[in-house]
Each structure stands twice: as structure tokens, then as C-alpha cells.
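Student: Pasting a structure here, questions to come.
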Protein chains: 2
Amino acid sequence: MKNDIILLGHGSGGRLSHQLLDEVIIPILSQVERCGQNDAAILNGITGDQIAFTTDSYVVDPLIFPGGNIGDLAINGTVNDLAMSGARPLAISVGLILEEGLAMEDLCIILVAMKAAADRAQVKIVTGDTKVVPRGKGDKIFINTSGVGVFDHALRPAGHRAKPGDRVLINGGIGEHGMAVLASREGLDLQTPIVSDTAPLNFMVQELLARQGDAVHVLRDPTRGGVATTLKEIALQSAVDICLDESSLPINAVVAGACAILGLDPLFVANEGKLLAVVRADAATAALKTLHNCEFGAEARIIGEVIEPSAGRLMMRTSIGGLRALEMLAGEQLPRIC
Amino acid sequence: MKNDIILLGHGSGGRLSHQLLDEVIIPILSQVERCGQNDAAILNGITGDQIAFTTDSYVVDPLIFPGGNIGDLAINGTVNDLAMSGARPLAISVGLILEEGLAMEDLCIILVAMKAAADRAQVKIVTGDTKVVPRGKGDKIFINTSGVGVFDHALRPAGHRAKPGDRVLINGGIGEHGMAVLASREGLDLQTPIVSDTAPLNFMVQELLARQGDAVHVLRDPTRGGVATTLKEIALQSAVDICLDESSLPINAVVAGACAILGLDPLFVANEGKLLAVVRADAATAALKTLHNCEFGAEARIIGEVIEPSAGRLMMRTSIGGLRALEMLAGEQLPRIC
């Protein structure tokens, strides 16, 4: 491209738009169907009479952070949302909102990360759209990814299916994505940098469902709002109480330290490569072993259980033996974390 | 809601986010599956082994214009992209990027328009996502809609299927959406206001495919870049030449006047309720009649034909008998028109 920054004309639908598509976006993403060619992509390989469908927009600041950037974050996030429903991610759409003046180089870095993340998760980027807004009316780049997944089985883990006695599992340390972004944005001088956990969890879910089957009652990825908010939602949906065991929570020491300094509770900090699995008690140990054998699952733990009575509460047994009630955050803990 | 404007906390994933969802977004859209409940919507009623999948982001300025607002525009646009592929629109996702400080009332007006547009097109809003960016990092509201459509037949009109001899049809006046937005944004003092043509075209397409079947070779909605850019794309994809007849082009007199004053060519101005159909010659008259009998089709016309030689050119026979070559616009004619 002759232009090294994004111009308003790149969003016009005319020659500059076609150049951006033909010379930058399509060569990098490579799998994308030229969105100017037909108005919709046609997906083959649909099996059965159900599909999963999800959408997420990404506005993270900064665009690039230890462990990833807005591009792989956007792909992994949508892959994970599909995976949590039990579906196999099939296809992803990419909607870009670019601010006039964005460096073409930054756009390329982000697109390259999207392509790599899609390849890693074995999902295709099939359609897209690019808009450009004038300087000062956006913030460099916002990305929407929507996704379609298909079901290879009859399993449908869902938020309302937690039962008393079930165990709550997580595949590793909490709060890493949120703290990585925050430390990067605020220029925190940490001896060991915190690295985002952004990762595709679809193969782990596939493995868990293949081995533990319908003993897997709920799968959710604790993104915005963190582990506590997600478990509180599950408690409300399933009309059960959930009790966490504080001493079991896997928290990286640097994350714990940074949270302490900033007065943040890691239970409410976003994760982007973690899943919470609510599993029938008799299958919990086997499920833990399954997670341990997966990429991204080496640090998996059982962190709590579903208890009665059933009032939609989330509690935590603290390290000193007390019981603490956890509620959703009232306001904004960490803005623009994803 | 106690808050009459959007706060950063509405994007936190915590209690304010849930309030916005439970008290504003879900009650208005009503069909939406609570996106906080499960990470993906599960769609039933998938038929066959193919689906259509599309995405578009909307950044139109102003948000509200004669004939519509960003909300119905976003629904109709994605409904139309699905329809042009021959699919029946089934489900739509809504990704909102809100700027801190957006009036809750404006958000409600837009959501109400989305719901009404979805109902009119008989498509369901099934999943969504809401992000909030700080003041000055966005522009009130950006909307992404992605959509899934199913096929009730084997017809697949597509951009590469235009053949010499085919006729080019349009369902009514050109340039109305772009000029409505521009006139509204620039405060043009027109005696008769220009009204956007934003409309769902899925039932018209359904009718056209039911009656003219595989004689319908290409269907496209001429949005950004207008009729000329879209036909130029079809000419290139099909490797044919297309010749328009200037005297046949339906152009509302007020649109023509406003274009003349501003030095704009209506052939390059966006439409949001128009389709171009490239139809086999022997079915063109019947197709025109089908369009005439549809809502949004009363002003349909045959405006050109596909000719040989086949060099991917777009030409226009002018009113005074000459031939003018039409190319894609080089830069930005009208920014933020959709």
C-alpha cells in the first residue's frame, strides 16, 4: 500500500476500500471470503438442526499487551464463547472499525495475530466488514468477531444446569488477562511482567466433553467480571448456592501482588484463557485429570462446589475459615479490558 | 434505570452491566437471549448443510435521519446481505459499542427501532454484547450486526454468475439513503426532505426467487459505493461488460437536485433499500412484474444489460447517446453514511 496510515477513503466502498481489502486484509487473513464479492459467506459442513451463534466486540486499551493483542484476543474470545456452549467453532466474521490515522503497520500486526489465532483454533475467518471513522471519533481500532459453531454430539452444557454436589473446576491461574492489560496501560514497573492468558479453549472443551460427557453440567469462560461474577451468574441461573474455597484458588504470585497494590480482587479480574467447569461430583477427579492433560490445563484445580440451600448465592470459605459472600461488582473495576 | 446516561461501569460486566441488560436492552429487544446467561445462542431450525453468514458494522452520522436511524439501518442491512445470497434470514446478533455519556433515551430510541425492524423482517435477535468506551474514544454508538440465514431451496445467486444478454433490474430510486444522511448532517435546507430508503428486502427476494428461480443470476444491494461500484464489482467477478441506460435510471428529483448542487453522482451514492438483480433476458419482464407487485418494488425498472465483449467494464449510454465508462471512486465520497 502506498498509504502508511488509514484514510477516511479506506471506508468509502470505492477504490481505496478495495485496495485495503485486496492488498492488506485478504492477503493476511487469507481464508476470508472477499466481503465485497458477495454480501454473505456461504458455510458448508453444517451438521444437524442446531448451530451455536455468538458475538463480541473488542475495545481493549492498549491494543498490544504482554501475551497478545486485540487481534488474537478477538478470535480466541469468540472461539471460547462457542466452545462453552459445547459447539465446535466453524467460522468467524470480522468487523473492523478503524480510526482515521491508524498506522497501517499496527493494522497488519493485528491482522497477522488474528490469522495465527484462527489457524491455531482451526476456525475459518469467512466474512468481514471495514468501516473508517474520522480522527477523534474512535480509538485506533475496535473489532467485532461473531462466530458460528456446529454440534458433533447431543451435549449442551448450560448455565442453568448446576446441581447441588457438583464440583467447580478451573484450568489455571485467575486474573492474568486483566492484570496484564492494566499493568501495561498504567506502566506498572513489575519485576516479572504479567502475561495475558488469552488462548483458544475449544480443544480442551472437546476433550472434556468426550471423556466426561454429560457429567459436565456448565461451562463458562470467566471474562469481564471475572470468576466471581461468572459463578454468581451460574448460581442465579441454576438457583443454587456455590461455595468457593479460597485456599484452592490458583493465583500467580505477581498477579496477587499487583492486585494487592492496586486494591483489586483477582476474583473480579478478567480472564481470557480460562474456563469454569461445573461437573458432577463423581466425575470431578477424572475431569481434573482430563484438564491436566490438555494444553492450557496444567494448573487446573477444583476450587469449589455447589451446595444447598439454593438461593443463588456465591460464598467463599476464606483461608482463615470464615464465610464471605461475593456479589457482582457495582461499577467499573477495570475499563476496556477486552 | 436511575442513570440517564451511559457510564463506563455499564461496560464492566458487573452489576451496572446486568442492570442495563435486564432493564433496558432485553426488555426492548425482547427476543434477545440474555448474553450474560450463556456465551452463545443455540439456533434451532437449521435446514440442510449450508447456511449464510454475514457481518456489518454501522457508524452512521447522524444517528437519526429522515426515514430511520442507526438501529433499523443495522437490522435491515444485515437482513439484506443475507437475502442477497438467497438465504432466509434466521437470526441476528447485536454488538453495541457505546460512548460514555450517551443519553439513555437515545439508546432506547435506537433499540426500539432495532426491535421493530427485526419484527418487520421476521428475524430474531438472539445474542448480543455491549462495550463502553470513555468519552472522546468513540462517537455515541457504533453497532455491529451479524446474521445467519438458511436456504429453503437450491438457488445461489452470486456475483460471478452474470451472463451476456442478462438484464439489470433495480427496485426503485437510487441515492436516497446517502443523500438523506448527508442532507441531515449538513443541514441542507431542502423544500422536500430526502428520506432514506432503508428497508428489509428479504420478502421481495423470496418472491423473486420463487417466481423466476434460476433465471435470477445475481442479487446485490448497492450500499456503500452505490449502484456504479456494485455493478463494476459484478462486471469484474463475472468477467462481463455491463451497460447502463442513463435515461432508465430512477432518480427522485430532489435527490438529483441535491446531488447536482453538491457535485455528487447519484450512481455512487449509497442505497439501503435497493437491490440490483441480474436476470436472464427471457425472464426480465416477468421479474420486473414480480418486483412491481412487492412492497418496496413499485418503482422497479430495467436499467441496463450485460453485453459482450467481456472485459469487466461498466459503461453507461448517456441521455444524449454517448458511452461513458464508470470506474470505482478513488477516495471518500460520503463518509459515515452507514
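Each chain in the C-alpha cells gets a letter, A, B, ..., in the order shown, and its residues are numbered from 1; ligands are numbered from 1 in order too.
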Please identify every residue of region 124-168 of chain A that has at least one atom no farther than 10 Å from an atom of region 98-110 of chain A, counting only C-alpha atoms, and for each give the shortest atom pair and the distance in Å to one decimal, arranged by chain then increasing number, as a tab-separated table.

Tutor:
```
residue	atom	partner	partner_atom	distance
A:Thr130	CA	A:Leu98	CA	7.4
A:Lys131	CA	A:Leu98	CA	6.1
A:Val132	CA	A:Leu98	CA	4.7
A:Val133	CA	A:Glu99	CA	5.0
A:Pro134	CA	A:Glu100	CA	5.1
A:Arg135	CA	A:Glu100	CA	5.0
A:Gly136	CA	A:Glu99	CA	7.6
A:Lys137	CA	A:Glu99	CA	7.1
A:Gly138	CA	A:Glu99	CA	5.3
A:Asp139	CA	A:Glu99	CA	6.0
A:Lys140	CA	A:Glu99	CA	4.7
A:Ile141	CA	A:Leu98	CA	4.6
A:Phe142	CA	A:Leu98	CA	6.7
A:Ile143	CA	A:Leu98	CA	8.6
```

Student: With a distance cut-off of 7 Å and only C-alpha atoms, select the neighbouring residues of Ile51 (chain A), excluding the residue or stretch itself and same-chain residues fewer than 3 positions from it, and output the selection as a PyMOL selection string.

Tutor: (chain A and resi 148-151) or (chain B and resi 42-44)

Student: For the residues selected in the previous step, produce a file with N, CA, C and O atoms as a compact mmCIF listing (two decimals), in the first residue's frame.

Tutor:
```txt
# COMPACT_ATOMS: atom_id res chain seq x y z
N VAL A 148 -19.92 -18.86 14.37
CA VAL A 148 -20.89 -19.94 14.21
C VAL A 148 -20.20 -21.25 14.57
O VAL A 148 -19.06 -21.49 14.15
N GLY A 149 -20.86 -22.07 15.35
CA GLY A 149 -20.33 -23.37 15.71
C GLY A 149 -21.34 -24.47 15.44
O GLY A 149 -22.55 -24.22 15.43
N VAL A 150 -20.85 -25.67 15.22
CA VAL A 150 -21.74 -26.81 14.98
C VAL A 150 -21.56 -27.83 16.11
O VAL A 150 -20.55 -27.82 16.82
N PHE A 151 -22.56 -28.70 16.26
CA PHE A 151 -22.53 -29.69 17.33
C PHE A 151 -22.25 -31.08 16.77
O PHE A 151 -22.95 -31.53 15.86
N ILE B 42 -28.09 -20.78 20.99
CA ILE B 42 -28.24 -22.00 20.21
C ILE B 42 -29.44 -21.82 19.29
O ILE B 42 -30.54 -21.51 19.74
N LEU B 43 -29.20 -21.94 17.98
CA LEU B 43 -30.25 -21.74 16.99
C LEU B 43 -30.83 -23.07 16.55
O LEU B 43 -30.09 -23.97 16.16
N ASN B 44 -32.14 -23.16 16.61
CA ASN B 44 -32.83 -24.33 16.08
C ASN B 44 -33.27 -24.05 14.65
O ASN B 44 -33.16 -22.92 14.18
```

Student: What is the CA of Val59 (chain A) to CA of Ala74 (chain A) distance in Å?

Tutor: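 Distance between the two atoms: 9.5 Å.
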
Student: As a ChimeraX atom specification, list the residues of region 114-177 of chain B assigned to strand (DSSP E or B) by DSSP on the backbone atoms of this structure.

Tutor: /B:124-133,141-150,167-170

Student: In terms of the shortest atom-to-atom distance over only C-alpha atoms, which of A:Gln237, A:Ser184, A:Gln206, A:Ser248 is closest to Gly172 (chain A)?

Tutor: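 Once distances to Gly172 (chain A) are computed over only C-alpha atoms, the minimum belongs to A:Ser248.
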
Student: For a quick check of understanding, using only C-alpha atoms, which of B:Gly45, B:Asp245, B:Ala286, B:Val123 has the smallest distance to Val79 (chain B)?

Tutor: B:Val123

Student: Hey, can you check how far CA of His10 (chain A) sits from CA of Pro222 (chain B)?

Tutor: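 We find that CA of His10 (chain A) and CA of Pro222 (chain B) lie 17.5 Å from each other.
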
Student: Enumerate, as a ChimeraX atom specification, the complete set of residues in region 25-261 of chain B that a backbone-based DSSP assignment places in helix (DSSP H, G or I).

Tutor: /B:25-29,70-84,104-121,176-186,202-215,226-238,246-248,253-261

Student: Name all residues at most 10 Å from Glu233 (chain A) (count only C-alpha atoms; drop same-chain ones fewer than 4 positions away) and give them as a CSV table (one decimal) with N, CA and C atoms, in the first residue's frame.

Tutor:
```
chain,number,residue,atom,x,y,z
A,159,GLY,N,-25.8,-22.7,31.7
A,159,GLY,CA,-25.7,-22.0,32.9
A,159,GLY,C,-26.7,-22.5,34.0
A,160,HIS,N,-27.8,-23.0,33.5
A,160,HIS,CA,-28.9,-23.4,34.5
A,160,HIS,C,-28.8,-24.8,35.0
A,227,VAL,N,-14.0,-14.5,37.7
A,227,VAL,CA,-14.6,-15.7,38.2
A,227,VAL,C,-15.8,-15.5,39.1
A,228,ALA,N,-15.7,-14.5,40.0
A,228,ALA,CA,-16.8,-14.3,40.9
A,228,ALA,C,-18.1,-13.9,40.2
A,229,THR,N,-18.1,-13.0,39.3
A,229,THR,CA,-19.3,-12.6,38.6
A,229,THR,C,-19.9,-13.7,37.8
A,237,GLN,N,-28.7,-18.5,37.8
A,237,GLN,CA,-29.4,-19.2,36.7
A,237,GLN,C,-29.8,-20.6,37.1
A,238,SER,N,-29.0,-21.3,37.9
A,238,SER,CA,-29.3,-22.6,38.4
A,238,SER,C,-30.1,-22.7,39.7
A,239,ALA,N,-30.3,-21.5,40.3
A,239,ALA,CA,-30.9,-21.4,41.6
A,239,ALA,C,-30.3,-22.4,42.6
A,312,GLY,N,-29.2,-18.9,45.1
A,312,GLY,CA,-28.4,-18.1,44.1
A,312,GLY,C,-27.3,-17.3,44.7
A,313,ARG,N,-26.8,-17.8,45.8
A,313,ARG,CA,-25.7,-17.1,46.5
A,313,ARG,C,-24.3,-17.6,46.1
A,314,LEU,N,-23.3,-16.8,46.1
A,314,LEU,CA,-21.9,-17.2,45.9
A,314,LEU,C,-21.2,-16.9,47.2
A,327,GLU,N,-20.6,-10.7,45.8
A,327,GLU,CA,-21.6,-10.1,44.9
A,327,GLU,C,-21.0,-9.6,43.7
A,328,MET,N,-21.8,-9.3,42.7
A,328,MET,CA,-21.3,-8.7,41.5
A,328,MET,C,-20.8,-7.3,41.8
B,18,HIS,N,-25.4,-5.7,34.2
B,18,HIS,CA,-26.5,-6.5,34.3
B,18,HIS,C,-27.8,-5.7,34.3
B,36,GLY,N,-25.5,-12.6,28.9
B,36,GLY,CA,-24.7,-12.9,30.1
B,36,GLY,C,-25.1,-14.3,30.6
B,37,GLN,N,-26.1,-14.9,30.1
B,37,GLN,CA,-26.6,-16.2,30.6
B,37,GLN,C,-25.7,-17.3,30.0
B,38,ASN,N,-25.6,-17.3,28.7
B,38,ASN,CA,-24.7,-18.3,28.1
B,38,ASN,C,-23.9,-17.6,27.1
```

Student: Just checking: using only C-alpha atoms, which residue out of B:Thr192, B:Asn3, B:Asn69, B:Thr127 ends up closest to chain A?

Tutor: B:Thr127

Student: Quote the spacing between CA of Ile194 (chain B) and CA of Glu295 (chain B) in Å to one decimal place.

Tutor: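 Separating CA of Ile194 (chain B) from CA of Glu295 (chain B) is a distance of 19.3 Å.
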
Student: Using only C-alpha atoms for the distances, tell me which of A:Leu96, A:Leu267, A:Ile26, A:Ala298 is nearest to chain B.

Tutor: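 Looking at the shortest contact to chain B, the residue is A:Leu96.
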